[in-house]
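Accompanying notes for the structure given below.
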Amino acid sequence: MERTEKRYLNAEGEDEMEVVGYRPCWWKLGLVGAGALCSGGLLLLFLYWMPEWSVKCLCREVSLKEATVLLLWTTDEFRTCFRIKVQLMEVPGYEPLGALFPGCGEEPPYNPTALVIEHPQSKKDLLPKTPDVEKVQVRYFVHQNVKYVWGPRGQTFRKLVALEEGIPCSVFHARYSTGLSATSKDYRKLFYGENQIDVKVPSIPRLLVKEVLNPFYIFQVFSVILWSFDDYYLYASAIVFMSVVSICTSLYTVRKQYVLLHDMVAAHNVVRVRVYRSNNVTEEIFSTDLVPGDVIVIPTNGMMMPCDAVLICGTCVVNESLLTGESVPVLKTNLPVPARCANGTVQEEEEVYSSENHKRHTLFCGTAVIQTRFYSGEAVKAVVIRTGFYTSKGQLVCSILYPKPTDFKLYRDAYRFLLCLVCVAGIGMIYSIISSALKGEEVERIIIETLDIITITVPPALPAAMTAGIVYAQHRLKRKGIYSISPQRINICGQLNLVCFDKTGTLTEDGLDMWGFLRAQDGRFLSLERDISSQCLARSRFIAGMATCHSLTTIEGKISGDPLDCKMFGATGWVLEEPTAEETALHDQIMPTVVHPPRQTTSATPSCGDADMELQELMNSYEIGIISQFPFSSALQRMSVVTRTLGERRLTAYMKGAPEMVASLCKKETVPENFSEVLEKYTHQGLRVIALAHRKLEAKLTWHRVQSVNRAVIEGNMEFLGLIMMQNKLKPRSIPILSELRRACIRLVMVTGDNMLTAVSVARECGMIPPHGKVIVTEASPPKGGQSATIHWQYAEDPNGWRKSVANDIKDIRIDVKENRLKDRPQAPETSYHFAMSGKSFAVIVEHFPDLLPKLLLCGTVYARMAPDQKTQLVEALQKVDYYVGMCGDGANDCGALKRAHAGISLSELEASVASPFTSKTPDISCVPDLIREGRAALVTSFCVFKFMALYSIIQYLSVLLLYSVLSNLGDVQYLFIDLAIIMSIAFTMSLNSSWKELVPRRPPSGLISVSMLLSVFMQILLTLTFQVTAFLLVKEQPWYGTWTPSSNVCNGSRDEPTNASISLHPGSEVDEHNISNYENTTLFFVSCCQYLAVAFVYSKGRPFRQPVYRNYLFMACILILYGFIILIMMYPIKVIDDFFQLVCVPPDWRNKMLLLTLANVSLSILVENFLCDSSFRWLRNLFAGRRDEHPAPNIYPQLDSGPPAVICTRRLWNQGRRHPKAKYKRLAQELLVDPDWPPKPKTSTQAKGLSAESGGQQGWSPGHTATRL
């Protein structure tokens, strides 16, 4: 059959999915039904586990238009598959935001969010009042709480959107400001449903069925049935009991998590709100009835927002801690009203609304409106743009409910290893069938014994045992104040080799201190000043700008707002006064916030009357009212205000922001000529530099007009006032922690929204860039005027002078290689270099230089002026070159990067931390090495437990196969003792080792498939096989050996002297039914039990990632107690215990030989593991790489290897010849080491190639490509 064309949902988006349609096929249904009957339902179980195969086996592929079942695949590296059922709903129209139904007689209004074809007959967006409306069927489906609706025009499903996309800003004022009619609201509710983030808590029966149908428990059921047929009732009962306890624990944990999330979300899910209806009346409704387009009234005393809404009238002070992680109040202003011409058209270019670009005008769901302000007692109104799970809070909840899967090599290798064990079991099954058949065993017995091998080889307790280490690590992290909502990521933390840090609030203190200021006058800078409170400056434009250009407000008598604004305003010593609601209601315009210097008390002279004193006070008063605000935008890098000074007729605008941006908007003659040099001077000192500017507005810009004017009209043609320098001190723990990470060969990267040179200076101060490191500032400009995109390379310091100063400092780390190994190769560079770039340059490089991006990522250390989405893009780009990336931020603007990184660590204790896998209560970066240490310990623990459980299966597998050869097996109690007393106690106590106190330069391996790992497992298997076969054959050579019967008595070395005690051992039975009690069984039981303990001891690794094994007191106690018990019953037989374990008595000389065998086995296991599997490779590496405990010196490629020091890594690269590492960034580093044109020369440029810029954007860099020449 010809396959249909591939279709995609959310094309080119982060959540892009491939979709294929299917319809049920009757003949396939019949075949599957027959197969289910023949297999006893196993086929249905298999199809339940494999949703993709279940659809393909039951349905035929059709076009999306005809489909009733859909298969969705994510287009990321995980290719996760989902099975979706298409549903139908009957509605009186196709268009969600307007009623499209037959029988109305006008063109539909402009609607940029149309998901389906527009019916030619419709009337505005209101339903007719006639009850006889023809309904149409609309096809849709819901995936992860998001509804997708069928669009006949595009012949595909599209995500249901509301007013958040493609709506011009003027439409909110012109069309949506009057509210919806009740009929229109009811119509829209059919599409958008209730405005509720409803986290459904699954019922216990549903969770139980889902848990029981897990492949692990199905395997347990199979094993229990099989053991019952084999009369192992005691062991089967124990496994059933453990499984029930495990299921109940899992159900309790899962349900508790759902309940906690449900309660957290439902706390403010339903509130009462007032909305406007189309006849300009208000009504009070529940927030669950809100739909996009409703106009809600924001109360004066505030509210908890139940939806996303755009503010169209008034201002609000909002606490957005849920989104940003900062509980700093944010001022929200109304969406500007575009000016219109006489004919009603918009004068300016039509601006399309975007919740990201217009977030200063958007009230987000879950945020708290603290207070509102407007004039003449009019209502503060907002238009609902999104509801339910489509809101910002709903999307956050969805990210928690449906986290992105983590792909870790350990888990993939674990499945492969289990597959190998299944293959080993297959070999054993064939051997068992042949051996038993040749000896005349019954068919029923052969089948049971053969299937029993599978339950022995595949350890059923493996998942629980491997999870134990993660659980213990999580508890240790919790004691250190680090909390995790994604425990599986703890293992991945052990592989981190690069950590990105936000600067402000993470590396540096939150607060800023005033350092000084430079005023500009007549196009030149005045001298540096420190005293802002000087009387001579009280009425200067500079101080006025500092006192007015902010978004501060008073809440309960206390000034609140951005910390930088608070610090700057506080330095002036001025007073901020806001009008009360009563004062505002008395006027026909909004009363402004007023700022003024502190009042000066003057002593009145006797000649002055009261009237003269009032007049003098009025003349001496100096007050400035803040009429309009344009809040700070990270995209625009500035904010501005419009003010009026008491006694002046014309308005004044003040602006502050990034110095480069402010200077570009000022008159050229007012900006000092040495502006760039002065700015560079202070940013090099690590100071936060902010520029101020002002402008007298034209007389036509009146009080009323500035309320709706576009900010571009105000922010231009300004006069430069000067620079303000703020000091942002490093946190006390930042430098020692970064030094510890650097010694561990973990790359450090700074990602900040601050100035470039300030970030570089802080990077030098905290040690991210070594004292003599070379900084290459990368400035990229987009295509312009027919010229292609260009990168300009500028060295931050004089490279020649730097090279001379470094030459004497690196003599001890020069690369020492043999001459013949480096023939025809250029000399590797001796100095380190670090790229620094802005967010603007990063965006240009991502789009136009995709082949150059990996090279810059390899040595990029400072990324400044980065927007939140650019931080996320950077993390993704680093992951694409095979870095394990950690991200540490304070929660503000870092949520996307925190979620996307392998390990995101939020320093915020607020609700924003739910977006981060890890949250630290300690407000500094000391949590980063703690998390990496515990991650490494948990990862090594997972390896230890996995190897131990694998060896446990193989040891038991070998014992059973040897016993099958004599038609015997292990007994019921023996199985129970091995699996419960030995395996379970050891598996759960060997995970208790805490992390080692230091971070070493090398990381633990990330996968099970490695030479050292496989050699370790293979050697231990060889030892166990050797000693078991030796004991098995040796016992048969003993002079007293024979077929054991209850009358046998060889305890004293004689076979012919039975005693009453031995005869009464199994009264009433001449021969054991399953031949459990015999000499081979007893011998292999003792030998194998000691082997389990020996393997557990040698695999319980200590340093350099975990504490030594002798510090794990509970584990050592289990080892010693079990060894003592086994040796006791082996050397000194006790009748009751022998009867219970179905053991037989053997002569003392054989007991001594078994003791010697077990001691030899333990000794050889320890020697092989520590001196062959571990140290042989270490000696080999040290022979070429040198000592591992050397600390890295100033290096060329800190990114080249996270193991030995960097220069030693370079030597390894030369000595390895043509051997290429697996990580992409290491292969790229090898190429760059021999590239004579890298790094770029100073003061040069690189232009993008038009062809490669377009095609390369899809391909990017791949290892093996020739390095790009500049």
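Here, A, B, ... name the chains of the structure tokens in the order displayed, residue numbers run from 1 inside each chain, and ligands are numbered from 1 in the same displayed order.
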
Subject >> Spatial neighbours of stretch 416-423 of chain A, max dist 8 Å, only C-alpha atoms, sep filter under 6 positions, as number ranges by chain >> reply: A: 454, 457-458

Requested write-out: N, CA, C and O atoms of the selected residues, as an mmCIF file, in the first residue's frame:
data_model
loop_
_atom_site.group_PDB
_atom_site.id
_atom_site.type_symbol
_atom_site.label_atom_id
_atom_site.label_comp_id
_atom_site.auth_asym_id
_atom_site.auth_seq_id
_atom_site.Cartn_x
_atom_site.Cartn_y
_atom_site.Cartn_z
ATOM 1 N N ILE A 454 14.948 -18.845 32.912
ATOM 2 C CA ILE A 454 14.707 -17.430 32.607
ATOM 3 C C ILE A 454 14.549 -16.634 33.890
ATOM 4 O O ILE A 454 15.099 -15.532 34.040
ATOM 5 N N THR A 457 18.042 -16.150 35.429
ATOM 6 C CA THR A 457 19.017 -15.324 34.713
ATOM 7 C C THR A 457 18.661 -13.842 34.735
ATOM 8 O O THR A 457 19.542 -12.986 34.840
ATOM 9 N N VAL A 458 17.383 -13.511 34.599
ATOM 10 C CA VAL A 458 16.958 -12.109 34.603
ATOM 11 C C VAL A 458 16.539 -11.743 36.019
ATOM 12 O O VAL A 458 15.492 -12.184 36.487
#

**OP:** Compile the contact shell of stretch 553-566 of chain A as a list in words: residues with an atom at most 9 Å away, counting only C-alpha atoms, same-chain residues fewer than 2 positions apart removed.
**Re:**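 Those residues are Val317, Val328, Pro329, Val330, Leu331, Ile370, Gln371, Asp510, Gly511, Leu512, Asp513, Met546, Cys549, His550, Ser551, Met568, Phe569, Gly570, Ala571, Leu576, Glu577, Glu578, Thr593 and Met726 of chain A.
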
What are the nearest atom pairs, with distances in Å to one decimal, for all residues of stretch 408-497 of chain A that come at most 8 Å from stretch 924-932 of chain A, using only C-alpha atoms, set out by chain and rising residue number as a Markdown table?
| residue | atom | partner | partner_atom | distance |
| --- | --- | --- | --- | --- |
| A:Leu477 | CA | A:Leu931 | CA | 7.2 |
| A:Ile482 | CA | A:Cys927 | CA | 7.1 |
| A:Ile490 | CA | A:Leu931 | CA | 7.7 |
| A:Cys493 | CA | A:Ile932 | CA | 5.3 |
| A:Gly494 | CA | A:Ile932 | CA | 5.3 |
| A:Gln495 | CA | A:Ile932 | CA | 7.9 |
| A:Leu496 | CA | A:Ile932 | CA | 7.1 |

**OP:** Can you work out which one of A:Ser1165, A:Asn674, A:Thr391, A:Thr989 has the shortest atom-to-atom distance to A:Ala1094, counting only C-alpha atoms?
**Re:**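 So, comparing all the options, the nearest one is A:Ser1165.
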
Subject >> Long-range neighbours of A:Val19 as a ChimeraX atom specification, 8 Å cut-off, only C-alpha atoms, 5 positions minimum in chain >> reply: /A:6-9,70-73

**OP:** Tell me which of A:Thr372, A:Cys766, A:Arg1103, A:Ile737 sits closest to A:Pro579, counting only C-alpha atoms.
**Re:**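 Of A:Thr372, A:Cys766, A:Arg1103, A:Ile737, the one nearest A:Pro579 is A:Thr372, counting only C-alpha atoms.
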
Subject >> Long-range neighbours of A:Leu160 as a PyMOL selection string, 7 Å cut-off, only C-alpha atoms, 4 positions minimum in chain >> reply: chain A and resi 147-149

**OP:** Write out as a VMD selection string each polymer residue whose atoms come within 7 Å of A:Ser965, counting only C-alpha atoms; drop sequence neighbours fewer than 3 positions from it.
**Re:** chain A and resid 435 961 to 962

What does the file look like for those residues with N, CA, C and O atoms, as a compact mmCIF listing (two decimals), in the first residue's frame?
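Below is the file that was written, result-v2.txt:
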# COMPACT_ATOMS: atom_id res chain seq x y z
N SER A 435 20.13 -32.02 28.05
CA SER A 435 20.62 -32.83 29.17
C SER A 435 19.49 -33.62 29.81
O SER A 435 19.64 -34.83 30.07
N LEU A 961 22.56 -24.90 36.51
CA LEU A 961 22.92 -25.73 35.37
C LEU A 961 23.76 -26.93 35.80
O LEU A 961 23.58 -28.05 35.30
N LEU A 962 24.68 -26.71 36.73
CA LEU A 962 25.50 -27.82 37.22
C LEU A 962 24.62 -28.84 37.96
O LEU A 962 24.81 -30.06 37.81

If we count only C-alpha atoms, what is near stretch 304-316 of chain A at a cut-off of 6 Å, once residues fewer than 3 positions away on the same chain are taken out, given as a CSV table (one decimal) with N, CA, C and O atoms, in the first residue's frame?
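What ended up in selection-v9.csv:
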chain,number,residue,atom,x,y,z
A,331,LEU,N,5.5,46.6,37.8
A,331,LEU,CA,4.5,47.5,37.4
A,331,LEU,C,4.0,47.1,36.0
A,331,LEU,O,4.8,47.0,35.1
A,332,LYS,N,2.7,46.9,35.8
A,332,LYS,CA,2.1,46.6,34.6
A,332,LYS,C,1.3,47.8,34.1
A,332,LYS,O,0.5,48.3,34.8
A,333,THR,N,1.5,48.2,32.9
A,333,THR,CA,0.8,49.3,32.3
A,333,THR,C,-0.1,48.8,31.2
A,333,THR,O,0.0,47.7,30.7
A,334,ASN,N,-1.1,49.7,30.8
A,334,ASN,CA,-2.1,49.3,29.8
A,334,ASN,C,-1.4,49.3,28.4
A,334,ASN,O,-0.4,50.0,28.2
A,335,LEU,N,-1.9,48.4,27.6
A,335,LEU,CA,-1.4,48.3,26.2
A,335,LEU,C,-1.6,49.6,25.5
A,335,LEU,O,-2.8,50.2,25.5
A,361,HIS,N,2.6,44.5,29.7
A,361,HIS,CA,1.2,44.9,29.6
A,361,HIS,C,0.3,43.6,29.8
A,361,HIS,O,-0.9,43.7,29.7
A,362,THR,N,0.9,42.5,30.2
A,362,THR,CA,0.2,41.2,30.3
A,362,THR,C,0.2,40.8,31.7
A,362,THR,O,1.2,40.8,32.4
A,363,LEU,N,-1.0,40.4,32.2
A,363,LEU,CA,-1.2,39.8,33.5
A,363,LEU,C,-1.2,38.3,33.3
A,363,LEU,O,-2.1,37.8,32.6
A,364,PHE,N,-0.3,37.6,33.9
A,364,PHE,CA,-0.2,36.1,33.7
A,364,PHE,C,-0.9,35.4,34.8
A,364,PHE,O,-1.0,35.8,36.0
A,365,CYS,N,-1.5,34.2,34.4
A,365,CYS,CA,-2.2,33.4,35.3
A,365,CYS,C,-1.3,32.9,36.5
A,365,CYS,O,-0.1,32.5,36.2
A,366,GLY,N,-1.9,32.9,37.7
A,366,GLY,CA,-1.1,32.5,38.8
A,366,GLY,C,-0.3,33.6,39.5
A,366,GLY,O,0.2,33.4,40.6
A,367,THR,N,-0.2,34.8,38.9
A,367,THR,CA,0.5,35.9,39.5
A,367,THR,C,-0.5,36.7,40.3
A,367,THR,O,-1.7,36.6,40.1
A,368,ALA,N,0.0,37.4,41.3
A,368,ALA,CA,-0.9,38.1,42.2
A,368,ALA,C,-0.8,39.6,41.9
A,368,ALA,O,0.2,40.2,42.0
A,371,GLN,N,-2.1,45.7,43.7
A,371,GLN,CA,-2.9,46.9,43.7
A,371,GLN,C,-3.1,47.4,42.3
A,371,GLN,O,-2.3,47.1,41.4
A,372,THR,N,-4.1,48.3,42.1
A,372,THR,CA,-4.3,48.9,40.8
A,372,THR,C,-4.5,50.4,41.0
A,372,THR,O,-4.8,50.9,42.1
A,373,ARG,N,-4.3,51.1,39.8
A,373,ARG,CA,-4.5,52.5,39.8
A,373,ARG,C,-5.2,52.9,38.5
A,373,ARG,O,-4.8,52.5,37.4
A,374,PHE,N,-6.1,53.9,38.6
A,374,PHE,CA,-6.7,54.5,37.4
A,374,PHE,C,-7.4,55.7,37.9
A,374,PHE,O,-7.5,56.0,39.1
A,380,VAL,N,-10.2,49.2,36.2
A,380,VAL,CA,-9.0,48.7,35.5
A,380,VAL,C,-9.5,47.4,34.8
A,380,VAL,O,-9.9,46.5,35.5
A,381,LYS,N,-9.3,47.4,33.5
A,381,LYS,CA,-9.9,46.3,32.7
A,381,LYS,C,-8.8,45.6,32.0
A,381,LYS,O,-7.7,46.2,31.6
A,382,ALA,N,-9.0,44.3,31.7
A,382,ALA,CA,-8.1,43.5,31.0
A,382,ALA,C,-8.9,42.5,30.1
A,382,ALA,O,-9.9,42.0,30.6
A,383,VAL,N,-8.3,42.2,28.9
A,383,VAL,CA,-9.0,41.3,28.0
A,383,VAL,C,-8.3,39.9,28.2
A,383,VAL,O,-7.1,39.7,28.1
A,384,VAL,N,-9.2,38.9,28.4
A,384,VAL,CA,-8.7,37.5,28.6
A,384,VAL,C,-8.1,37.0,27.2
A,384,VAL,O,-8.8,37.1,26.2
A,385,ILE,N,-6.9,36.6,27.2
A,385,ILE,CA,-6.3,36.1,26.0
A,385,ILE,C,-6.1,34.6,26.0
A,385,ILE,O,-6.0,33.9,24.9
A,386,ARG,N,-5.9,34.0,27.2
A,386,ARG,CA,-5.7,32.5,27.2
A,386,ARG,C,-6.3,32.0,28.5
A,386,ARG,O,-6.3,32.7,29.5
A,387,THR,N,-6.8,30.8,28.5
A,387,THR,CA,-7.5,30.2,29.6
A,387,THR,C,-6.9,28.7,29.8
A,387,THR,O,-6.4,28.1,28.9
A,391,THR,N,-2.6,28.8,29.4
A,391,THR,CA,-2.0,29.9,30.1
A,391,THR,C,-0.5,29.6,30.5
A,391,THR,O,-0.1,28.5,30.3

Subject >> atom CA of A:Val244 to atom CA of A:Ser228, straight-line distance in Å >> reply: 17.2 Å

Original post:
Within 12 Å of A:Ser540, counting only C-alpha atoms, which residues qualify if same-chain residues fewer than 2 places away don't, as an MDAnalysis selection string?
Top reply: chainID A and resid 519:521 532:538 542:547 572 597 622 694 721:722

Pull N, CA and C atoms from the residues just selected and write them as a short mmCIF file (atom, residue, chain, number, x, y, z; two decimals), in the first residue's frame.
data_model
loop_
_atom_site.label_atom_id
_atom_site.label_comp_id
_atom_site.auth_asym_id
_atom_site.auth_seq_id
_atom_site.Cartn_x
_atom_site.Cartn_y
_atom_site.Cartn_z
N ARG A 519 28.83 62.85 35.32
CA ARG A 519 27.90 63.68 34.59
C ARG A 519 28.53 64.16 33.28
N ALA A 520 27.69 64.32 32.29
CA ALA A 520 28.14 64.85 31.00
C ALA A 520 27.59 66.25 30.80
N GLN A 521 28.45 67.13 30.29
CA GLN A 521 28.05 68.51 30.07
C GLN A 521 28.76 69.04 28.83
N ILE A 532 26.16 61.84 46.02
CA ILE A 532 24.94 62.17 45.30
C ILE A 532 24.08 63.16 46.08
N SER A 533 24.17 63.12 47.40
CA SER A 533 23.31 63.95 48.23
C SER A 533 23.78 65.40 48.36
N SER A 534 24.77 65.76 47.57
CA SER A 534 25.28 67.13 47.62
C SER A 534 24.17 68.12 47.26
N GLN A 535 24.10 69.23 48.00
CA GLN A 535 23.03 70.22 47.79
C GLN A 535 23.12 70.87 46.42
N CYS A 536 24.32 71.01 45.90
CA CYS A 536 24.46 71.66 44.59
C CYS A 536 23.90 70.82 43.46
N LEU A 537 23.65 69.54 43.71
CA LEU A 537 23.11 68.66 42.67
C LEU A 537 21.61 68.44 42.81
N ALA A 538 21.01 68.99 43.86
CA ALA A 538 19.63 68.63 44.20
C ALA A 538 18.66 68.88 43.05
N PHE A 542 20.42 65.42 36.17
CA PHE A 542 21.00 64.10 36.42
C PHE A 542 20.33 63.44 37.62
N ILE A 543 20.24 64.19 38.73
CA ILE A 543 19.62 63.63 39.94
C ILE A 543 18.13 63.44 39.71
N ALA A 544 17.50 64.36 38.95
CA ALA A 544 16.08 64.20 38.65
C ALA A 544 15.83 62.91 37.86
N GLY A 545 16.74 62.61 36.93
CA GLY A 545 16.60 61.36 36.18
C GLY A 545 16.72 60.15 37.08
N MET A 546 17.67 60.18 38.02
CA MET A 546 17.82 59.05 38.95
C MET A 546 16.58 58.90 39.83
N ALA A 547 15.94 60.01 40.19
CA ALA A 547 14.82 59.96 41.12
C ALA A 547 13.50 59.61 40.45
N THR A 572 19.61 58.79 46.18
CA THR A 572 19.31 60.21 46.01
C THR A 572 18.78 60.83 47.30
N PRO A 597 12.90 66.20 46.74
CA PRO A 597 13.98 66.10 47.73
C PRO A 597 13.39 66.20 49.13
N TYR A 622 10.21 71.82 45.26
CA TYR A 622 10.68 71.25 43.98
C TYR A 622 10.14 69.83 43.90
N HIS A 694 17.87 62.68 28.88
CA HIS A 694 16.60 63.37 29.07
C HIS A 694 16.26 64.16 27.80
N LEU A 721 23.00 62.56 29.63
CA LEU A 721 23.22 63.15 30.95
C LEU A 721 24.46 62.62 31.64
N GLY A 722 24.79 61.33 31.45
CA GLY A 722 25.97 60.79 32.11
C GLY A 722 25.83 59.31 32.42
#

Original post:
Looking only at the backbone, which of the residues in stretch 464-665 of chain A does DSSP tag as alpha helix (DSSP H), as a PyMOL selection string?
Top reply: chain A and resi 464-479+489-493+541-548+563-572+581-585+610-620+659-664
